[in-house]
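Enquirer: Compact mmCIF, C-alpha atoms, saved as work-v3.txt, coming up:
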```
# COMPACT_ATOMS: atom_id res chain seq x y z
CA MET A 1030 -26.26 -30.43 -47.51
CA ASN A 1031 -25.53 -28.89 -50.98
CA LYS A 1032 -22.08 -28.29 -52.44
CA MET A 1033 -22.26 -24.53 -51.88
CA SER A 1034 -22.92 -24.98 -48.15
CA ILE A 1035 -19.95 -27.36 -47.84
CA ALA A 1036 -17.71 -24.93 -49.75
CA ASN A 1037 -18.75 -22.05 -47.51
CA LYS A 1038 -18.02 -24.11 -44.40
CA LYS A 1039 -14.56 -24.97 -45.76
CA LYS A 1040 -13.79 -21.32 -46.44
CA TYR A 1041 -14.98 -20.38 -42.96
CA ALA A 1042 -12.81 -23.07 -41.35
CA ILE A 1043 -9.75 -21.94 -43.32
CA ALA A 1044 -10.36 -18.29 -42.36
CA ILE A 1045 -10.53 -19.25 -38.69
CA THR A 1046 -7.29 -21.21 -39.06
CA LEU A 1047 -5.53 -18.23 -40.60
CA ALA A 1048 -6.72 -15.81 -37.94
CA PHE A 1049 -5.68 -18.21 -35.20
CA SER A 1050 -2.19 -18.82 -36.58
CA MET A 1051 -1.49 -15.09 -36.80
CA LEU A 1052 -1.93 -14.85 -33.02
CA CYS A 1053 -0.31 -18.17 -32.17
CA ILE A 1054 2.88 -16.96 -30.49
CA SER A 1055 1.14 -14.22 -28.52
CA ALA A 1056 -1.38 -16.77 -27.21
CA ILE A 1057 1.36 -19.24 -26.28
CA ILE A 1058 3.30 -16.59 -24.37
CA LEU A 1059 0.21 -15.16 -22.70
CA ILE A 1060 -1.10 -18.52 -21.46
CA TYR A 1061 2.37 -19.61 -20.32
CA LYS A 1062 2.95 -16.39 -18.39
CA LEU A 1063 -0.43 -16.63 -16.69
CA SER A 1064 0.19 -20.24 -15.73
CA GLN A 1065 3.56 -19.34 -14.26
CA ASN A 1066 2.33 -16.10 -12.63
CA GLN A 1067 4.96 -14.18 -14.58
CA ASP A 1068 4.79 -10.76 -16.15
CA ILE A 1069 2.99 -10.67 -19.48
CA PRO A 1070 4.92 -9.07 -22.36
CA LYS A 1071 3.63 -5.59 -23.19
CA LYS A 1072 2.93 -6.29 -26.86
CA GLN A 1073 0.85 -9.39 -27.49
CA ASP A 1074 -0.56 -8.79 -30.97
CA LEU A 1075 2.01 -10.46 -33.20
CA SER A 1076 -0.33 -10.33 -36.17
CA ASN A 1077 1.00 -6.78 -36.57
CA GLN A 1078 4.36 -6.93 -34.80
CA GLY A 1079 5.72 -10.41 -35.47
CA SER A 1080 8.91 -11.66 -33.95
CA PHE A 1081 11.88 -9.37 -34.42
CA THR A 1082 15.50 -8.88 -33.44
CA PRO A 1083 16.06 -5.76 -31.30
CA THR A 1084 18.91 -3.41 -32.17
CA PRO A 1085 21.14 -3.61 -30.29
CA LEU A 1086 20.43 -7.19 -29.22
CA PRO A 1087 20.08 -7.45 -25.42
CA SER A 1088 22.85 -9.31 -23.61
CA PRO A 1089 21.96 -12.90 -22.67
CA ASN A 1090 21.00 -13.64 -19.09
CA PRO A 1091 24.05 -15.36 -17.53
CA ALA A 1092 21.72 -17.46 -15.36
CA TRP A 1093 20.04 -18.99 -18.42
CA LYS A 1094 21.08 -22.58 -19.08
CA ILE A 1095 20.44 -24.89 -22.01
CA PRO A 1096 17.70 -27.33 -20.89
CA GLN A 1097 19.16 -30.74 -20.06
CA ASN A 1098 16.47 -32.65 -18.18
CA PHE A 1099 13.51 -33.75 -20.29
CA VAL A 1100 10.35 -35.36 -18.91
CA LEU A 1101 7.29 -36.94 -20.51
CA TYR A 1102 4.01 -35.05 -20.85
CA GLU A 1103 0.80 -36.98 -21.57
CA ASN A 1104 -2.58 -35.55 -22.50
CA ASN A 1105 -5.55 -37.93 -22.61
CA GLU A 1106 -8.00 -35.29 -23.85
CA ILE A 1107 -6.22 -35.05 -27.20
CA GLY A 1108 -4.47 -38.41 -27.02
CA ILE A 1109 -0.87 -37.26 -27.33
CA LYS A 1110 2.41 -37.42 -25.44
CA PHE A 1111 5.85 -35.87 -25.89
CA GLU A 1112 9.05 -34.91 -24.09
CA HIS A 1113 9.75 -31.37 -22.88
CA PRO A 1114 12.34 -29.59 -20.71
CA GLU A 1115 11.41 -30.17 -17.08
CA GLN A 1116 11.55 -26.47 -16.17
CA TYR A 1117 9.17 -25.53 -19.01
CA PRO A 1118 5.91 -27.49 -18.60
CA PRO A 1119 3.27 -27.42 -21.36
CA VAL A 1120 -0.01 -25.63 -20.71
CA PHE A 1121 -3.31 -27.27 -21.70
CA ASP A 1122 -6.21 -25.02 -22.68
CA GLU A 1123 -8.80 -26.12 -20.12
CA VAL A 1124 -11.53 -24.10 -21.84
CA SER A 1125 -11.35 -25.35 -25.43
CA LYS A 1126 -9.87 -28.75 -24.47
CA ASP A 1127 -8.15 -28.86 -27.87
CA SER A 1128 -4.83 -27.00 -27.55
CA ILE A 1129 -1.47 -27.45 -25.81
CA TYR A 1130 1.06 -24.63 -25.58
CA LEU A 1131 4.78 -24.83 -24.87
CA TYR A 1132 6.91 -21.69 -24.54
CA ILE A 1133 10.66 -21.71 -23.87
CA PRO A 1134 12.15 -18.19 -23.60
CA GLY A 1135 15.72 -17.79 -24.85
CA PRO A 1136 18.62 -16.25 -22.88
CA SER A 1137 18.03 -12.68 -24.03
CA GLN A 1138 14.21 -12.66 -24.19
CA ASN A 1139 12.79 -9.65 -22.36
CA PRO A 1140 9.38 -10.43 -20.79
CA GLU A 1141 8.42 -6.81 -21.45
CA SER A 1142 8.98 -7.12 -25.20
CA ASP A 1143 7.78 -9.00 -28.27
CA PHE A 1144 8.99 -12.53 -28.96
CA TYR A 1145 12.49 -12.51 -30.46
CA ASP A 1146 14.42 -15.23 -28.62
CA GLY A 1147 13.04 -18.67 -27.80
CA ILE A 1148 10.72 -21.47 -28.85
CA ALA A 1149 6.94 -21.33 -29.19
CA ILE A 1150 4.97 -24.50 -29.94
CA GLU A 1151 1.25 -25.09 -30.24
CA ILE A 1152 -0.45 -28.45 -30.75
CA LYS A 1153 -4.11 -28.18 -31.69
CA ALA A 1154 -6.70 -30.85 -32.44
CA GLY A 1155 -9.54 -30.30 -34.89
CA GLU A 1156 -12.27 -31.99 -36.92
CA ILE A 1157 -11.35 -33.24 -40.38
CA PRO A 1158 -13.53 -31.41 -42.98
CA PRO A 1159 -15.94 -33.36 -45.23
CA SER A 1160 -13.40 -33.24 -48.08
CA GLY A 1161 -11.10 -35.52 -46.11
CA PHE A 1162 -7.70 -35.05 -44.50
CA ASN A 1163 -5.48 -35.05 -47.59
CA GLU A 1164 -7.65 -32.71 -49.64
CA SER A 1165 -8.26 -30.29 -46.77
CA VAL A 1166 -4.52 -29.86 -46.11
CA LYS A 1167 -3.83 -29.27 -49.81
CA GLU A 1168 -6.72 -26.81 -49.90
CA LEU A 1169 -5.34 -24.91 -46.90
CA TYR A 1170 -1.87 -24.82 -48.45
CA ASN A 1171 -3.18 -23.38 -51.72
CA THR A 1172 -5.31 -20.83 -49.88
CA LEU A 1173 -2.31 -19.62 -47.87
CA LYS A 1174 -0.31 -19.22 -51.08
CA GLU A 1175 -2.92 -16.75 -52.30
CA ASP A 1176 -3.04 -14.75 -49.07
CA ILE A 1177 -1.22 -11.42 -49.44
CA ASN A 1178 -0.41 -11.31 -45.72
CA ILE A 1179 1.31 -14.70 -45.67
CA LYS A 1180 4.37 -15.89 -47.54
CA VAL A 1181 4.50 -19.65 -48.09
CA THR A 1182 8.22 -20.47 -47.95
CA SER A 1183 8.30 -24.16 -48.86
CA GLN A 1184 6.49 -26.76 -50.90
CA LEU A 1185 3.84 -28.94 -49.30
CA LYS A 1186 5.54 -32.25 -48.63
CA LYS A 1187 4.86 -35.54 -46.92
CA THR A 1188 6.37 -36.17 -43.50
CA SER A 1189 6.05 -38.62 -40.63
CA LEU A 1190 6.29 -38.82 -36.85
CA LYS A 1191 6.77 -42.19 -35.16
CA GLY A 1192 5.50 -43.87 -38.31
CA LYS A 1193 2.39 -41.65 -38.60
CA LYS A 1194 2.16 -40.02 -42.03
CA GLY A 1195 1.14 -36.43 -42.60
CA TYR A 1196 2.12 -33.16 -44.31
CA MET A 1197 4.28 -30.15 -43.54
CA PHE A 1198 5.22 -26.76 -44.98
CA THR A 1199 6.59 -23.45 -43.75
CA THR A 1200 5.26 -19.90 -43.80
CA GLN A 1201 6.30 -16.39 -42.87
CA GLU A 1202 3.62 -14.20 -41.32
CA ALA A 1203 4.53 -10.62 -40.41
CA GLN A 1204 8.15 -11.22 -39.32
CA THR A 1205 7.50 -14.64 -37.80
CA ASN A 1206 8.59 -17.93 -39.40
CA TYR A 1207 6.35 -20.93 -38.79
CA THR A 1208 6.63 -24.65 -39.44
CA ARG A 1209 3.23 -26.28 -39.89
CA MET A 1210 2.65 -30.03 -39.56
CA TYR A 1211 -0.66 -31.87 -39.99
CA PHE A 1212 -1.50 -35.47 -39.08
CA PRO A 1213 -4.75 -37.45 -38.87
CA LEU A 1214 -5.34 -38.62 -35.30
CA GLY A 1215 -7.02 -41.81 -36.41
CA LYS A 1216 -9.93 -41.42 -34.00
CA GLU A 1217 -13.27 -39.65 -34.24
CA ASN A 1218 -12.30 -38.15 -37.61
CA LYS A 1219 -9.83 -35.71 -36.04
CA TYR A 1220 -6.41 -34.32 -36.91
CA ILE A 1221 -3.65 -32.44 -35.11
CA ASN A 1222 -1.87 -29.30 -36.25
CA ILE A 1223 1.64 -28.79 -34.86
CA LEU A 1224 2.66 -25.16 -35.29
CA TYR A 1225 6.00 -23.86 -34.05
CA SER A 1226 8.43 -20.98 -34.35
CA ILE A 1227 12.09 -20.73 -33.33
CA SER A 1228 14.22 -17.61 -32.88
CA ASP A 1229 17.80 -18.22 -31.73
CA PRO A 1230 19.88 -15.02 -32.08
CA TYR A 1231 22.61 -16.31 -29.73
CA SER A 1232 22.87 -19.77 -31.34
CA LYS A 1233 22.04 -21.68 -28.18
CA GLY A 1234 20.87 -24.81 -29.96
CA LEU A 1235 17.16 -24.01 -29.79
CA SER A 1236 16.54 -25.81 -33.09
CA ALA A 1237 18.00 -29.02 -31.61
CA ILE A 1238 15.76 -28.65 -28.54
CA THR A 1239 12.73 -28.11 -30.77
CA ASN A 1240 13.59 -31.12 -32.91
CA ARG A 1241 13.86 -33.30 -29.82
CA ILE A 1242 10.43 -32.17 -28.65
CA ILE A 1243 8.76 -32.56 -32.05
CA ASN A 1244 10.37 -35.94 -32.80
CA SER A 1245 9.21 -37.30 -29.44
CA ILE A 1246 5.53 -36.66 -30.19
CA GLU A 1247 3.34 -39.76 -30.18
CA PHE A 1248 -0.39 -39.94 -30.84
```
Is it possible to give me this structure as structure tokens?
Expert:
Amino acid sequence: MNKMSIANKKKYAIAITLAFSMLCISAIILIYKLSQNQDIPKKQDLSNQGSFTPTPLPSPNPAWKIPQNFVLYENNEIGIKFEHPEQYPPVFDEVSKDSIYLYIPGPSQNPESDFYDGIAIEIKAGEIPPSGFNESVKELYNTLKEDINIKVTSQLKKTSLKGKKGYMFTTQEAQTNYTRMYFPLGKENKYINILYSISDPYSKGLSAITNRIINSIEF
């Protein structure tokens, strides 16, 4: 395979990644609602709408409680496990076999509206490009910096989970803030991308809940 073919494949892979991330939260909410037989929010295309804060902000649901009981989720298809609130189980994409979604609506989130209160997490496995893990992440980071529809809001930096080393950075797409984490899986030349967004207008400790989930991930 010549260098031009490899370059074109890299650009195609990056384009697919960008398109996917722009619809991440809408996909998480959609799949979660279907799995729970709940109403699907009216607006799903967050590539145009993004998360937002309604004015005035809806009153919180008095029945909503901060999750206390966490249980372990294990997925052998991807080779990963993590803790999550018992009342909010992750959803595995049985079609692609490469993605796990976790959606935790906040106390004021209206199921008939866009995402503005809660936690949305996606864990996706993928093939490491021919350039290798380190170079492909740096390449993606630099490509996102040049995209006029995406604002890269932090430097690319090294991070770790349970001793596994990887990279992370943050972006803002439409009105949605994302944290992106990338780690090599260490098997079959694969990696995982952990993508999450938090919106906590009533300061209910959703960042602490997210940190507990993320820091419990093992692969």
Enquirer: Which residues are near Asn1098 in chain A? Cut-off 9 Å, all atoms listed in the file, ignore same chain within fewer than 6 positions. Put them as a PDB file with C-alpha atoms, in the coordinates of the input.
Expert:
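Dumped to selection_39.pdb:
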```pdb
ATOM      1  CA  HIS A1113       9.750 -31.370 -22.880  1.00  0.00           C
ATOM      2  CA  PRO A1114      12.340 -29.590 -20.710  1.00  0.00           C
ATOM      3  CA  GLU A1115      11.410 -30.170 -17.080  1.00  0.00           C
ATOM      4  CA  GLN A1116      11.550 -26.470 -16.170  1.00  0.00           C
TER       5      GLN A1116
END
```
Enquirer: Just the number, please: distance in Å from CA of Glu1156 in chain A to CA of Asn1206 in chain A, one decimal.
Expert: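 So the two atoms, CA of Glu1156 in chain A and CA of Asn1206 in chain A, lie 25.3 Å apart.
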Enquirer: Just the number, please: distance in Å from CA of Gly1108 in chain A to CA of Ile1157 in chain A, one decimal.
Expert: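 CA of Ile1157 in chain A lies at a distance of 15.9 Å from CA of Gly1108 in chain A.
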Enquirer: Please list as a list of chain:residue names every residue within 9 Å of Gln1201 in chain A, counting all atoms listed in the file and excluding residues in the same chain fewer than 5 positions away.
Expert: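 Non-adjacent residues within range: A:Asn1178, A:Ile1179, A:Lys1180, A:Val1181, A:Thr1182, A:Asn1206, A:Tyr1207, A:Thr1208.
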Enquirer: I want to know what sits within 10 Å of Gly1135 in chain A, based on all atoms listed in the file, with residues of the same chain fewer than 3 positions away left out; could you give that as a list of chain:residue names?
Expert: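 Contacts, in chain order: A:Pro1089, A:Asn1090, A:Trp1093, A:Lys1094, A:Ile1095, A:Tyr1132, A:Gln1138, A:Asn1139, A:Phe1144, A:Tyr1145, A:Asp1146, A:Gly1147, A:Ile1148, A:Ile1227, A:Ser1228, A:Asp1229, A:Pro1230, A:Tyr1231, A:Ser1232, A:Lys1233, A:Leu1235.
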Enquirer: Reconstruct N, CA and C atoms of range 1210-1237 of chain A from the incomplete input and present them as a JSON list (two decimals), in the coordinates of the input.
Expert:
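The file below, result_32.json, is the result:
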```
[["chain", "number", "residue", "atom", "x", "y", "z"],
["A", 1210, "MET", "N", 2.74, -28.59, -39.33],
["A", 1210, "MET", "CA", 2.65, -30.03, -39.56],
["A", 1210, "MET", "C", 1.23, -30.49, -39.27],
["A", 1211, "TYR", "N", 0.72, -31.39, -40.11],
["A", 1211, "TYR", "CA", -0.66, -31.87, -39.99],
["A", 1211, "TYR", "C", -0.67, -33.40, -40.06],
["A", 1212, "PHE", "N", -1.39, -34.01, -39.12],
["A", 1212, "PHE", "CA", -1.50, -35.47, -39.08],
["A", 1212, "PHE", "C", -2.92, -35.88, -38.70],
["A", 1213, "PRO", "N", -3.45, -36.93, -39.33],
["A", 1213, "PRO", "CA", -4.75, -37.45, -38.87],
["A", 1213, "PRO", "C", -4.53, -38.17, -37.54],
["A", 1214, "LEU", "N", -5.46, -37.98, -36.61],
["A", 1214, "LEU", "CA", -5.34, -38.62, -35.30],
["A", 1214, "LEU", "C", -5.78, -40.08, -35.33],
["A", 1215, "GLY", "N", -6.59, -40.43, -36.30],
["A", 1215, "GLY", "CA", -7.02, -41.81, -36.41],
["A", 1215, "GLY", "C", -8.15, -42.18, -35.47],
["A", 1216, "LYS", "N", -8.78, -41.15, -34.85],
["A", 1216, "LYS", "CA", -9.93, -41.42, -34.00],
["A", 1216, "LYS", "C", -10.93, -40.28, -34.13],
["A", 1217, "GLU", "N", -12.19, -40.64, -34.19],
["A", 1217, "GLU", "CA", -13.27, -39.65, -34.24],
["A", 1217, "GLU", "C", -13.09, -38.63, -35.35],
["A", 1218, "ASN", "N", -12.44, -39.03, -36.45],
["A", 1218, "ASN", "CA", -12.30, -38.15, -37.61],
["A", 1218, "ASN", "C", -11.60, -36.84, -37.26],
["A", 1219, "LYS", "N", -10.54, -36.91, -36.47],
["A", 1219, "LYS", "CA", -9.83, -35.71, -36.04],
["A", 1219, "LYS", "C", -8.40, -35.69, -36.56],
["A", 1220, "TYR", "N", -7.80, -34.50, -36.51],
["A", 1220, "TYR", "CA", -6.41, -34.32, -36.91],
["A", 1220, "TYR", "C", -5.72, -33.45, -35.87],
["A", 1221, "ILE", "N", -4.37, -33.40, -35.94],
["A", 1221, "ILE", "CA", -3.65, -32.44, -35.11],
["A", 1221, "ILE", "C", -2.81, -31.53, -36.01],
["A", 1222, "ASN", "N", -2.71, -30.29, -35.59],
["A", 1222, "ASN", "CA", -1.87, -29.30, -36.25],
["A", 1222, "ASN", "C", -0.76, -28.93, -35.28],
["A", 1223, "ILE", "N", 0.48, -29.18, -35.67],
["A", 1223, "ILE", "CA", 1.64, -28.79, -34.86],
["A", 1223, "ILE", "C", 2.24, -27.55, -35.50],
["A", 1224, "LEU", "N", 2.20, -26.45, -34.78],
["A", 1224, "LEU", "CA", 2.66, -25.16, -35.29],
["A", 1224, "LEU", "C", 3.76, -24.65, -34.38],
["A", 1225, "TYR", "N", 4.93, -24.35, -34.94],
["A", 1225, "TYR", "CA", 6.00, -23.86, -34.05],
["A", 1225, "TYR", "C", 6.88, -22.82, -34.74],
["A", 1226, "SER", "N", 7.52, -22.02, -33.88],
["A", 1226, "SER", "CA", 8.43, -20.98, -34.35],
["A", 1226, "SER", "C", 9.67, -20.98, -33.45],
["A", 1227, "ILE", "N", 10.82, -20.76, -34.06],
["A", 1227, "ILE", "CA", 12.09, -20.73, -33.33],
["A", 1227, "ILE", "C", 12.82, -19.44, -33.68],
["A", 1228, "SER", "N", 13.34, -18.76, -32.67],
["A", 1228, "SER", "CA", 14.22, -17.61, -32.88],
["A", 1228, "SER", "C", 15.41, -17.78, -31.95],
["A", 1229, "ASP", "N", 16.60, -17.87, -32.51],
["A", 1229, "ASP", "CA", 17.80, -18.22, -31.73],
["A", 1229, "ASP", "C", 18.95, -17.27, -32.07],
["A", 1230, "PRO", "N", 18.85, -16.00, -31.69],
["A", 1230, "PRO", "CA", 19.88, -15.02, -32.08],
["A", 1230, "PRO", "C", 21.25, -15.28, -31.47],
["A", 1231, "TYR", "N", 21.32, -16.01, -30.36],
["A", 1231, "TYR", "CA", 22.61, -16.31, -29.73],
["A", 1231, "TYR", "C", 23.09, -17.73, -30.00],
["A", 1232, "SER", "N", 22.45, -18.42, -30.93],
["A", 1232, "SER", "CA", 22.87, -19.77, -31.34],
["A", 1232, "SER", "C", 23.07, -20.69, -30.15],
["A", 1233, "LYS", "N", 21.99, -20.84, -29.37],
["A", 1233, "LYS", "CA", 22.04, -21.68, -28.18],
["A", 1233, "LYS", "C", 21.48, -23.08, -28.42],
["A", 1234, "GLY", "N", 21.34, -23.46, -29.67],
["A", 1234, "GLY", "CA", 20.87, -24.81, -29.96],
["A", 1234, "GLY", "C", 19.38, -24.99, -29.80],
["A", 1235, "LEU", "N", 18.60, -23.91, -29.97],
["A", 1235, "LEU", "CA", 17.16, -24.01, -29.79],
["A", 1235, "LEU", "C", 16.50, -24.88, -30.87],
["A", 1236, "SER", "N", 17.10, -24.93, -32.05],
["A", 1236, "SER", "CA", 16.54, -25.81, -33.09],
["A", 1236, "SER", "C", 16.67, -27.28, -32.68],
["A", 1237, "ALA", "N", 17.80, -27.64, -32.06],
["A", 1237, "ALA", "CA", 18.00, -29.02, -31.61],
["A", 1237, "ALA", "C", 17.00, -29.38, -30.51]]
```
